[in-house]
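query_7.tsv follows (TSV, C-alpha atoms):
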chain	number	residue	atom	x	y	z
I	1	MET	CA	0.71	-8.22	-20.29
I	2	ASP	CA	2.50	-11.38	-19.17
I	3	ALA	CA	3.18	-11.55	-15.46
I	4	VAL	CA	4.92	-14.06	-13.26
I	5	PHE	CA	2.63	-15.34	-10.50
I	6	SER	CA	3.39	-17.11	-7.26
I	7	ALA	CA	0.79	-18.68	-4.96
I	8	PRO	CA	-2.02	-17.68	-7.33
I	9	TRP	CA	-5.50	-16.95	-6.05
I	10	ARG	CA	-8.23	-18.77	-7.92
I	11	PRO	CA	-11.92	-18.74	-7.04
I	12	GLY	CA	-13.26	-22.18	-6.26
I	13	LYS	CA	-16.68	-23.78	-6.65
I	14	HIS	CA	-17.80	-23.20	-3.09
I	15	PRO	CA	-20.78	-20.80	-2.88
I	16	ALA	CA	-18.80	-18.44	-0.63
I	17	ASN	CA	-16.08	-18.25	-3.28
I	18	THR	CA	-18.69	-17.58	-5.93
I	19	MET	CA	-20.13	-14.71	-3.89
I	20	ARG	CA	-16.66	-13.24	-3.41
I	21	LEU	CA	-16.04	-13.52	-7.16
I	22	LEU	CA	-19.30	-11.73	-7.94
I	23	SER	CA	-18.37	-9.04	-5.43
I	24	ALA	CA	-14.98	-8.60	-7.11
I	25	ILE	CA	-16.59	-8.38	-10.57
I	26	THR	CA	-19.02	-5.72	-9.35
I	27	PHE	CA	-16.16	-3.81	-7.74
I	28	LEU	CA	-14.14	-3.96	-10.97
I	29	MET	CA	-17.05	-2.61	-13.00
I	30	LEU	CA	-17.37	0.31	-10.62
I	31	PHE	CA	-13.60	0.78	-10.58
I	32	SER	CA	-13.48	0.92	-14.38
I	33	THR	CA	-16.21	3.54	-14.38
I	34	ALA	CA	-14.20	5.61	-11.93
I	35	PHE	CA	-11.27	5.66	-14.37
I	36	GLY	CA	-13.46	6.97	-17.20
I	37	ALA	CA	-12.84	10.32	-18.82
I	38	GLY	CA	-14.79	13.32	-17.71
I	39	ALA	CA	-15.12	12.30	-14.06
I	40	ALA	CA	-15.61	15.31	-11.81
I	41	PRO	CA	-12.63	16.15	-9.58
I	42	LEU	CA	-13.02	15.13	-5.98
I	43	PRO	CA	-12.73	17.49	-3.03
I	44	ALA	CA	-9.48	17.79	-1.14
I	45	PRO	CA	-8.90	15.49	1.81
I	46	HIS	CA	-9.03	16.82	5.34
I	47	GLN	CA	-6.44	16.34	8.04
I	48	VAL	CA	-7.11	14.18	11.07
I	49	ASP	CA	-4.92	13.86	14.15
I	50	ILE	CA	-4.34	10.39	15.52
I	51	PRO	CA	-3.02	9.78	19.05
I	52	LEU	CA	0.44	8.24	18.95
I	53	SER	CA	2.70	7.24	21.80
I	54	GLY	CA	4.89	10.27	22.36
I	55	GLY	CA	3.11	12.54	19.91
I	56	THR	CA	0.45	12.96	17.25
I	57	LEU	CA	0.22	11.29	13.87
I	58	HIS	CA	-1.19	13.62	11.22
I	59	ALA	CA	-3.06	11.93	8.39
I	60	GLN	CA	-5.07	12.97	5.34
I	61	LEU	CA	-8.53	11.43	5.04
I	62	TYR	CA	-10.69	10.94	1.96
I	63	LYS	CA	-14.16	9.80	2.99
I	64	PRO	CA	-17.33	9.23	0.93
I	65	ASP	CA	-20.38	11.31	1.76
I	66	GLY	CA	-22.77	9.68	4.16
I	67	ASN	CA	-22.65	7.78	7.42
I	68	GLY	CA	-21.18	4.50	6.18
I	69	PRO	CA	-19.93	2.16	7.34
I	70	PHE	CA	-17.31	2.31	4.58
I	71	PRO	CA	-14.41	-0.05	3.86
I	72	VAL	CA	-11.14	1.75	4.59
I	73	VAL	CA	-7.71	1.59	2.99
I	74	ILE	CA	-4.73	2.78	5.04
I	75	ALA	CA	-2.33	4.01	2.33
I	76	LEU	CA	1.37	4.23	3.21
I	77	HIS	CA	3.65	6.63	1.34
I	78	GLY	CA	7.16	5.86	0.12
I	79	CYS	CA	10.49	7.30	1.27
I	80	GLY	CA	9.81	10.62	-0.49
I	81	GLY	CA	7.02	11.43	1.96
I	82	LEU	CA	3.32	12.13	1.62
I	83	ALA	CA	3.11	15.87	0.95
I	84	GLY	CA	4.50	18.20	-1.71
I	85	HIS	CA	5.58	21.83	-1.41
I	86	SER	CA	2.04	23.14	-1.82
I	87	GLU	CA	-0.17	20.06	-1.53
I	88	PRO	CA	-1.02	17.82	1.43
I	89	VAL	CA	-0.92	14.67	-0.74
I	90	LEU	CA	1.41	14.14	-3.69
I	91	SER	CA	-0.37	13.45	-6.97
I	92	ARG	CA	0.86	9.84	-7.13
I	93	TYR	CA	-0.98	9.01	-3.88
I	94	ARG	CA	-3.90	11.32	-4.55
I	95	ASP	CA	-4.47	9.48	-7.83
I	96	TRP	CA	-4.89	6.16	-6.05
I	97	ALA	CA	-6.84	7.65	-3.15
I	98	GLU	CA	-9.34	9.38	-5.39
I	99	GLN	CA	-9.88	6.27	-7.49
I	100	LEU	CA	-10.54	4.17	-4.40
I	101	LEU	CA	-12.84	6.82	-2.98
I	102	LYS	CA	-14.95	6.87	-6.12
I	103	VAL	CA	-15.86	3.22	-5.61
I	104	GLY	CA	-16.87	3.64	-1.99
I	105	ASN	CA	-13.71	3.31	0.05
I	106	ALA	CA	-12.49	5.74	2.64
I	107	VAL	CA	-8.72	6.26	2.36
I	108	LEU	CA	-6.49	7.27	5.27
I	109	LEU	CA	-2.96	8.44	4.45
I	110	PRO	CA	-0.75	8.73	7.56
I	111	ASP	CA	2.14	11.21	7.23
I	112	SER	CA	4.94	9.34	8.97
I	113	TYR	CA	7.61	11.95	8.23
I	114	GLY	CA	5.79	15.27	8.42
I	115	SER	CA	4.24	14.25	11.75
I	116	ARG	CA	7.80	14.01	13.12
I	117	ASP	CA	8.95	17.25	11.48
I	118	LEU	CA	11.12	15.33	9.05
I	119	GLY	CA	11.50	15.54	5.30
I	120	PRO	CA	12.14	12.74	2.77
I	121	GLN	CA	13.97	9.70	4.10
I	122	CYS	CA	15.30	8.25	0.85
I	123	ARG	CA	18.88	9.37	1.42
I	124	VAL	CA	19.05	9.69	5.20
I	125	LYS	CA	22.38	8.56	6.61
I	126	GLU	CA	22.90	6.21	9.54
I	127	ARG	CA	23.63	8.97	12.06
I	128	GLU	CA	20.73	11.21	11.04
I	129	ARG	CA	17.19	11.08	12.45
I	130	ARG	CA	15.35	8.27	10.75
I	131	VAL	CA	11.89	6.79	10.73
I	132	LEU	CA	12.30	3.02	10.57
I	133	ALA	CA	9.84	0.98	8.54
I	134	ARG	CA	9.88	-1.89	11.03
I	135	ARG	CA	9.38	0.32	14.10
I	136	GLN	CA	7.90	3.81	13.88
I	137	ARG	CA	6.01	3.14	10.66
I	138	VAL	CA	4.49	-0.04	12.08
I	139	ASP	CA	3.50	2.03	15.13
I	140	ASP	CA	1.78	4.45	12.73
I	141	ILE	CA	-0.11	1.60	11.08
I	142	MET	CA	-1.34	0.22	14.37
I	143	ALA	CA	-2.30	3.67	15.67
I	144	SER	CA	-4.25	4.29	12.47
I	145	ARG	CA	-6.18	1.06	12.91
I	146	GLN	CA	-6.86	1.87	16.57
I	147	TRP	CA	-8.27	5.25	15.52
I	148	LEU	CA	-10.36	3.79	12.71
I	149	VAL	CA	-12.10	1.18	14.87
I	150	GLN	CA	-13.33	4.07	17.01
I	151	GLN	CA	-14.95	5.80	14.03
I	152	PRO	CA	-18.65	4.96	13.48
I	153	TRP	CA	-18.36	5.52	9.71
I	154	ALA	CA	-15.61	2.89	9.28
I	155	ALA	CA	-16.39	-0.77	8.53
I	156	HIS	CA	-14.18	-2.23	11.23
I	157	ASP	CA	-13.94	-5.64	9.54
I	158	ARG	CA	-12.87	-4.15	6.19
I	159	ILE	CA	-9.73	-2.16	6.96
I	160	SER	CA	-6.96	-2.95	4.47
I	161	LEU	CA	-3.38	-1.81	3.88
I	162	LEU	CA	-1.83	-0.42	0.69
I	163	GLY	CA	1.81	0.70	0.57
I	164	TRP	CA	4.55	1.82	-1.79
I	165	SER	CA	8.30	1.25	-1.44
I	166	ASN	CA	9.23	2.14	2.15
I	167	GLY	CA	5.54	2.13	3.10
I	168	ALA	CA	5.22	-1.32	1.55
I	169	SER	CA	8.23	-2.49	3.58
I	170	ALA	CA	6.48	-1.26	6.74
I	171	LEU	CA	3.37	-3.14	5.62
I	172	LEU	CA	5.37	-6.38	5.39
I	173	TRP	CA	6.43	-5.97	9.02
I	174	ALA	CA	2.90	-5.07	10.12
I	175	VAL	CA	1.25	-8.19	8.65
I	176	ARG	CA	3.65	-10.69	10.21
I	177	PRO	CA	2.06	-12.95	12.83
I	178	GLN	CA	4.45	-11.54	15.44
I	179	SER	CA	3.04	-8.02	14.89
I	180	SER	CA	-0.57	-8.89	15.66
I	181	SER	CA	-2.20	-6.59	18.22
I	182	ARG	CA	-4.94	-8.43	20.09
I	183	SER	CA	-6.09	-5.22	21.74
I	184	VAL	CA	-7.61	-4.07	18.43
I	185	GLU	CA	-10.03	-6.43	16.70
I	186	PRO	CA	-10.87	-7.43	14.05
I	187	ASP	CA	-7.58	-7.68	12.16
I	188	PHE	CA	-6.81	-6.04	8.84
I	189	ARG	CA	-8.78	-7.48	5.94
I	190	SER	CA	-5.98	-7.65	3.35
I	191	ALA	CA	-2.79	-5.93	2.19
I	192	VAL	CA	-1.17	-4.84	-1.09
I	193	ALA	CA	2.55	-3.98	-1.25
I	194	PHE	CA	4.06	-2.15	-4.25
I	195	TYR	CA	7.80	-2.86	-4.73
I	196	PRO	CA	8.95	-3.17	-1.09
I	197	ASP	CA	12.52	-3.91	-0.08
I	198	CYS	CA	12.22	-7.61	0.75
I	199	ARG	CA	15.87	-8.34	1.46
I	200	VAL	CA	15.67	-8.33	5.26
I	201	SER	CA	12.29	-10.06	5.43
I	202	ALA	CA	13.43	-12.79	3.01
I	203	GLY	CA	16.18	-13.77	5.42
I	204	LEU	CA	13.90	-13.83	8.47
I	205	GLY	CA	11.41	-16.47	7.40
I	206	TRP	CA	8.66	-13.95	6.66
I	207	SER	CA	5.01	-14.97	6.62
I	208	ALA	CA	1.70	-13.09	6.75
I	209	ARG	CA	-1.36	-13.50	8.94
I	210	ILE	CA	-3.67	-11.80	6.39
I	211	PRO	CA	-3.95	-12.15	2.57
I	212	THR	CA	-1.06	-10.16	1.07
I	213	LEU	CA	-0.41	-9.24	-2.57
I	214	LEU	CA	3.03	-8.04	-3.70
I	215	LEU	CA	3.52	-6.19	-7.01
I	216	ILE	CA	6.97	-5.43	-8.44
I	217	GLY	CA	8.72	-4.87	-11.77
I	218	ALA	CA	11.27	-7.37	-13.06
I	219	LYS	CA	13.69	-4.49	-13.79
I	220	ASP	CA	13.29	-2.88	-10.38
I	221	ASP	CA	16.86	-2.05	-9.35
I	222	VAL	CA	15.80	0.01	-6.34
I	223	SER	CA	14.10	-2.89	-4.60
I	224	SER	CA	14.96	-6.55	-5.25
I	225	PRO	CA	12.53	-8.75	-7.23
I	226	PRO	CA	14.54	-11.94	-6.50
I	227	ALA	CA	14.40	-11.27	-2.75
I	228	CYS	CA	10.65	-10.65	-2.93
I	229	ARG	CA	10.10	-13.90	-4.81
I	230	GLN	CA	12.25	-15.76	-2.27
I	231	MET	CA	10.25	-14.21	0.56
I	232	ILE	CA	6.85	-15.14	-0.93
I	233	ASP	CA	7.96	-18.64	-1.96
I	234	GLY	CA	9.36	-19.22	1.52
I	235	ALA	CA	6.00	-18.38	3.11
I	236	ARG	CA	4.14	-21.17	1.33
I	237	GLY	CA	2.46	-23.64	3.64
I	238	ARG	CA	2.83	-21.55	6.81
I	239	SER	CA	1.16	-18.29	5.90
I	240	ALA	CA	-2.14	-16.71	5.00
I	241	LEU	CA	-2.71	-16.37	1.28
I	242	THR	CA	0.22	-14.61	-0.42
I	243	ARG	CA	0.74	-13.78	-4.07
I	244	ILE	CA	3.49	-12.06	-6.03
I	245	VAL	CA	3.19	-10.52	-9.49
I	246	VAL	CA	6.42	-9.62	-11.30
I	247	TYR	CA	5.92	-7.40	-14.36
I	248	PRO	CA	8.45	-8.02	-17.16
I	249	GLY	CA	10.21	-4.83	-18.24
I	250	ALA	CA	8.79	-2.66	-15.44
I	251	TYR	CA	10.91	-0.44	-13.19
I	252	HIS	CA	10.35	0.96	-9.71
I	253	ASP	CA	7.31	3.30	-9.54
I	254	PHE	CA	5.73	1.56	-12.54
I	255	ASP	CA	2.23	2.49	-11.33
I	256	ARG	CA	2.98	6.21	-11.14
I	257	ALA	CA	1.30	8.17	-13.95
I	258	ASN	CA	3.22	10.14	-16.57
I	259	LEU	CA	6.74	9.41	-15.37
I	260	PRO	CA	9.06	8.64	-18.33
I	261	PRO	CA	11.56	5.88	-17.47
I	262	GLN	CA	14.74	7.47	-16.17
I	263	ALA	CA	17.93	6.79	-14.25
I	264	ILE	CA	18.14	8.26	-10.76
I	265	ALA	CA	21.93	8.50	-10.57
I	266	GLY	CA	23.19	12.06	-10.32
I	267	THR	CA	19.85	13.67	-9.47
I	268	PRO	CA	19.99	15.90	-6.35
I	269	ASP	CA	16.36	15.27	-5.36
I	270	ALA	CA	16.34	14.07	-1.74
I	271	ALA	CA	12.89	12.54	-2.31
I	272	LEU	CA	14.38	9.95	-4.67
I	273	PRO	CA	16.57	6.92	-3.90
I	274	GLU	CA	20.28	7.33	-4.57
I	275	GLY	CA	20.41	4.94	-7.51
I	276	GLY	CA	18.42	2.77	-9.89
I	277	HIS	CA	15.66	3.57	-12.36
I	278	LEU	CA	12.08	4.85	-12.12
I	279	GLY	CA	9.29	5.06	-14.63
I	280	THR	CA	5.72	4.39	-15.64
I	281	ASP	CA	4.89	1.12	-17.34
I	282	PRO	CA	1.40	1.66	-18.81
I	283	GLU	CA	0.53	-2.03	-19.09
I	284	ALA	CA	1.79	-2.90	-15.61
I	285	ARG	CA	0.04	0.18	-14.21
I	286	ALA	CA	-3.30	-0.83	-15.75
I	287	ASP	CA	-2.97	-4.44	-14.66
I	288	SER	CA	-2.02	-3.48	-11.11
I	289	GLN	CA	-5.12	-1.28	-10.87
I	290	LYS	CA	-7.28	-4.28	-11.72
I	291	LEU	CA	-5.45	-6.57	-9.30
I	292	VAL	CA	-5.71	-4.10	-6.43
I	293	ALA	CA	-9.44	-3.75	-7.08
I	294	GLU	CA	-9.87	-7.54	-7.04
I	295	TRP	CA	-7.79	-7.98	-3.91
I	296	LEU	CA	-9.59	-5.31	-1.90
I	297	ALA	CA	-12.99	-6.68	-2.97
I	298	ARG	CA	-12.25	-10.22	-1.74
How does the structure come out when it is put into structure tokens?
Amino acid sequence: MDAVFSAPWRPGKHPANTMRLLSAITFLMLFSTAFGAGAAPLPAPHQVDIPLSGGTLHAQLYKPDGNGPFPVVIALHGCGGLAGHSEPVLSRYRDWAEQLLKVGNAVLLPDSYGSRDLGPQCRVKERERRVLARRQRVDDIMASRQWLVQQPWAAHDRISLLGWSNGASALLWAVRPQSSSRSVEPDFRSAVAFYPDCRVSAGLGWSARIPTLLLIGAKDDVSSPPACRQMIDGARGRSALTRIVVYPGAYHDFDRANLPPQAIAGTPDAALPEGGHLGTDPEARADSQKLVAEWLAR
């Protein structure tokens, strides 16, 4: 799989870099084992309630057995929401959460829409109730971190962010230097954004205060690969480590399992964007799994 890289991360010869590389290799070996056939299904997550200004943020938590402390990934759903009709976590997010859990991470999935008694936000009009990525969803991220640093089982210095689409857009706002919350320390460890909408951030001189990886398909016509590249390129020299990977031939939702490539136009599903294409790209999906494992193990 050929990918287009920007601001690549390469381990150096310093002993600390070597140790991080060995840690990443070990993590990848464990991660590969977790993907193996015949793995026993994991138990369902349990709901936790997180204090939020003006209400309560409901979240689903996957946590390894034991007392920890465990590294934690805050996973941020896309515009279709977190839950399905009969399941608290849609399979696309459960797939990632269970894989991360198997290699020792706790995974917290805040429900930004259900907590506000709202459904999917993909096709919400200007005058309807909306949850904004740059406001309410950033509030959810910060509230989740505040809650996690109060949990004795959480490794407070290894809390990372992982987001998809609208959740990834919220992540981009949350990692900007201007969004830092000094009342909660330490900061997030790292962040991974799957196909965010970068168009606004690209025009605002975006930069990140923590290492941030962005993954997107070259054929993504829901988000904008050129805007994401412009955003990442523009952050060079005034940002924490940033990297973009653009997968040739891949559409939006390329990491979602068993989704044949398809056009969205004409579908009535409110949990889908109004236009563009979606679909699994097996090679991009496999490569992104490896890159996420490496990034979180840094």
* So what do you get for atom CA of Val73 of chain I versus atom CA of Gly249 of chain I, distance-wise? -> 28.5 Å
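Going from atom CA of Ala202 of chain I over to atom CA of Leu118 of chain I, you cover 28.9 Å.
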* To do: Between I:Ala97, I:Ile50, I:Ala106, I:Val192, single out the one closest to Lys63 of chain I, counting only C-alpha atoms.
  =>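 Checking each of I:Ala97, I:Ile50, I:Ala106, I:Val192 against Lys63 of chain I, counting only C-alpha atoms, the winner is I:Ala106.
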* **Residue list as a ChimeraX atom specification for point (-18.4, 2.9, 9.7), cut-off 10 Å, all atoms listed in the file** => /I:66-72,106,148-158
Using C-alpha atoms, can you export the residues from the last selection as a PDB file, in the coordinates of the input?
ATOM      1  CA  GLY I  66     -22.770   9.680   4.160  1.00  0.00           C
ATOM      2  CA  ASN I  67     -22.650   7.780   7.420  1.00  0.00           C
ATOM      3  CA  GLY I  68     -21.180   4.500   6.180  1.00  0.00           C
ATOM      4  CA  PRO I  69     -19.930   2.160   7.340  1.00  0.00           C
ATOM      5  CA  PHE I  70     -17.310   2.310   4.580  1.00  0.00           C
ATOM      6  CA  PRO I  71     -14.410  -0.050   3.860  1.00  0.00           C
ATOM      7  CA  VAL I  72     -11.140   1.750   4.590  1.00  0.00           C
ATOM      8  CA  ALA I 106     -12.490   5.740   2.640  1.00  0.00           C
ATOM      9  CA  LEU I 148     -10.360   3.790  12.710  1.00  0.00           C
ATOM     10  CA  VAL I 149     -12.100   1.180  14.870  1.00  0.00           C
ATOM     11  CA  GLN I 150     -13.330   4.070  17.010  1.00  0.00           C
ATOM     12  CA  GLN I 151     -14.950   5.800  14.030  1.00  0.00           C
ATOM     13  CA  PRO I 152     -18.650   4.960  13.480  1.00  0.00           C
ATOM     14  CA  TRP I 153     -18.360   5.520   9.710  1.00  0.00           C
ATOM     15  CA  ALA I 154     -15.610   2.890   9.280  1.00  0.00           C
ATOM     16  CA  ALA I 155     -16.390  -0.770   8.530  1.00  0.00           C
ATOM     17  CA  HIS I 156     -14.180  -2.230  11.230  1.00  0.00           C
ATOM     18  CA  ASP I 157     -13.940  -5.640   9.540  1.00  0.00           C
ATOM     19  CA  ARG I 158     -12.870  -4.150   6.190  1.00  0.00           C
TER      20      ARG I 158
END
* Asked: Got a sec to check which residues sit within 7 Å of (7.7, -1.9, -20.4), counting only C-alpha atoms, and write them as a PyMOL selection string?
  -> chain I and resi 248-250+281
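Distance-wise, atom CA of Thr242 of chain I and atom CA of Arg176 of chain I end up 11.8 Å apart.
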